[in-house]
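Below is one structure, written out as structure tokens, with a few remarks after it.
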Amino acid sequence: MTTTMPGTAARPLRGMLSSLGWVLILPAVILASWAVLAVVVDSVVFPGPIESLARLAEDLSTPGFQASIWSTLRLLAAGWFLAVVVGTLAGFALGLSSFWSAIFETPLFALYSIPKVTLYPVFLLFLGIGDASRLTFAFFHGVFPIALMVMAATRALDRNYLKLAAVLVMPWHQRLTSILIPALLPSIVTAVRIAFGLTLLGLILAEMFSAQSGLGRELVSNVANVQVDHIAGQVVFIAVLAVIPGFALRWAEKRVTRRYSA
Amino acid sequence: MDTFALVPLSAMVLRALALLIDPVFLETDLVPSLLSIGVSFVLAVGAGILMGVLIWAFPWMRKIFDPWLATYYAIPTFALYPLLVALMGIGVLPIVLLATLFAVVAMISATVDGLDAIPRSIIRLTAVLRLTRSQRMFKVLLPAALPQISVGLRLALSYSLIMVLASEFVLSTRGLGHFISNAYNDFAITDMYAGVLLVFALALGLNSAFAAALRRRSRRVLP
């Protein structure tokens with residue numbers, strides 16, 4: 001570990017700039033081909049990137065769209081937080097017992113791999129059209145992979161450490177910091193990253209189906225009016241909104257894995 | 001509990017069974033969904049393996065795509081669906097395209113992981129044996145990467161299923177997903193639950209049948 005430190009410290013800025021350059025190539029290629037395609041097609045229903053971004057700037061200054069952004073961000077943060085807390089605790093509790101994890105593994109995996117959107121009307125029936133049903137659905141969409149991954153990590157934990165801690169009569173906070181966190185944190189960070197995407201996807205899906213506000217709602221209301229330029233601008237906005245935490249989480253995951261894998 | 005919002009399980013099962021022998025339902029809802037799932041799965045697998053091989057073979061492609069492969073699923077791809085519908089109209093085309101876009105990245109990542117996991121000695125062996133490019137790819141590299149590729153195949157199937165049903169559910173005129181949202185909008189609650197039940201049975205059945213088939217196949221290839 002210590003031998004690699006000077007190497008990584010010696011190339012901070014140059015390395016970061018060059019990797020940022022590589023990251024930006026793909027979006028640049030997509031934007032350029034979009035622009036070329038728009039010129040070639042030359043149609044009113046196929047706007048170019050500059051036009052779409054101009055519409056996005058207009059949207060961003062309207063209070064209705066701002067309210068939608070805040071509503072989506074608030075529900076995303078709350079749903080993601082709930083999914084992380086409940087998923088980690090449930091996965092940990094189930095993982096401690098091989099009996100309960102064997103019982104819950106198959107249904108949890110099944111719930112993870114089925115299209116949960118089709119259940120959204122049931123949420124609407126019981127919770128009504130409003131923030132409660134959207135929040136619950138976003139949570140429901142993100143919680144299963146966290147529970148599954150934390151459960152697997154807990155089961156893989158070496159039981160001898162826990163026995164040793166019991167023999168040494170360690171206080172609970174010491175067991176947490178010196179045994180559980182080093183063993184479970186890498187999987188938890190990966191699970192948190194995966195749950196972010198799923199929670200956001202669930203939220204956008206719910207908003208598209210039925211909601212009074214939110215970014216998904218804005219997209220669908222533009223379809224009825226065939227405002228393709230507005231839709232394209234908003235899609236770019238949603239992608240940027242998702243990519244920034246996506247990269248931050250990936251970076252955090254790499255750091256945590258490097259720190260605790262040794 | 002509200003008697004309107006929840007119907008007895010027996011009523012859901014009976015209605016689901018009745019739907020399965022209803023020719024109109026089969027023709028306008030079940031068959032289009034299955035076709036879209038099948039087509040997008042095949043497209044995603046073909047494109048994903050091809051892209052995976054290219055990314056594995058060319059370092060510059062890996063540098064461009066690698067950061068995005070890990071971040072791709074943070075982006076709600078579904079946001080593209082209204083855009084595709086506005087450009088192509090409501091129909092099978094935007095649904096299949098969206099499902100392919102969603103499933104392909106899992107396939108790419110699985111292929112790259114599988115090829116990366118091949119021991120160096122096997123790759124040197126292909127050079128020693130002077131295999132041609134296609135022999136090397138189809139007789140050595142892809143079979144050696146099969147364990148991870150089959151994980152990718154399972155993910156690609158369940159991802160294309162999820163996206164096809166989601167896009168039918170939100171905005172379309174036919175398909176199993178549309179049947180459910182339509183039943184909800186018409187307050188036909190028994191129909192809605194029957195549809196959900198069929199979707200779950202379909203998803204679980206397809207996924208486990210596919211997993212079982214892959215397990216048999218990989219046992220035959222790998223001694």
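Lettering and numbering for the structure tokens are positional, with chains as A, B, ... in the shown order, residues counted from 1 in each chain, and ligands counted from 1 in the shown order.
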
(request) Tell me the residues of chain B close to chain A, meaning within 6 Å using only C-alpha atoms, as a PyMOL selection string. (result) chain B and resi 5+64+71+73-76+162+170+203

(request) Find the spatial neighbours of A:Ser71, counting only C-alpha atoms, within a cut-off of 9 Å - ignore same-chain residues fewer than 3 positions away - and output them as a list of chain:residue names. (result) A:Gln66, A:Ala67, A:Ser68, A:Arg74, A:Leu75, A:Leu76, A:Asp131, A:Ser213, A:Gly214, A:Leu215

(message) Let me make sure I understand: among B:Leu131, B:Ile122, B:Ala145, B:Ala18, which one has the smallest atom-to-atom distance to B:Ala110 if we use only C-alpha atoms?
(response) B:Ala145

(request) Give me the residues within 7 Å of B:Ile49 as an NGL selection string, counting only C-alpha atoms and dropping any in the same chain fewer than 4 places off. (result) :B and (45 or 53 or 107-108 or 111)

(request) For B:Phe179, list every protein, DNA or RNA residue within 10 Å, evaluated using only C-alpha atoms, and leave out those in the same chain fewer than 3 positions away; present the list as a list in words. (result)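 Here the qualifying residues turn out to be Thr118 of chain A; Phe25, Thr28, Asp29, Leu30, Glu168, Phe169, Ser172, Thr173, Arg174, Gly175, Leu176, Asn182, Ala183, Tyr184, Asn185, Asp191, Met192, Ala194, Gly195 and Val196 of chain B.
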
Saved selection, atoms kept: C-alpha atoms, as a compact mmCIF listing (two decimals), in the first residue's frame:
# COMPACT_ATOMS: atom_id res chain seq x y z
CA THR A 118 -46.40 -3.08 -13.66
CA PHE B 25 -55.65 -10.85 -25.61
CA THR B 28 -52.97 -7.84 -29.28
CA ASP B 29 -51.11 -8.12 -25.98
CA LEU B 30 -49.12 -11.25 -25.25
CA GLU B 168 -45.67 -0.59 -23.15
CA PHE B 169 -46.97 0.35 -19.72
CA SER B 172 -48.20 2.43 -26.28
CA THR B 173 -51.32 0.98 -27.88
CA ARG B 174 -50.73 -2.76 -27.40
CA GLY B 175 -48.75 -5.27 -25.39
CA LEU B 176 -49.00 -6.80 -21.94
CA ASN B 182 -55.35 0.33 -19.60
CA ALA B 183 -57.13 -1.86 -17.04
CA TYR B 184 -56.02 0.55 -14.29
CA ASN B 185 -57.35 3.55 -16.21
CA ASP B 191 -58.06 -7.38 -15.07
CA MET B 192 -55.18 -5.26 -13.79
CA ALA B 194 -54.56 -10.64 -13.60
CA GLY B 195 -52.18 -8.81 -15.96
CA VAL B 196 -49.64 -8.20 -13.19

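Distance-wise, atom CA of B:Ala44 and atom CA of B:Thr100 end up 5.0 Å apart.
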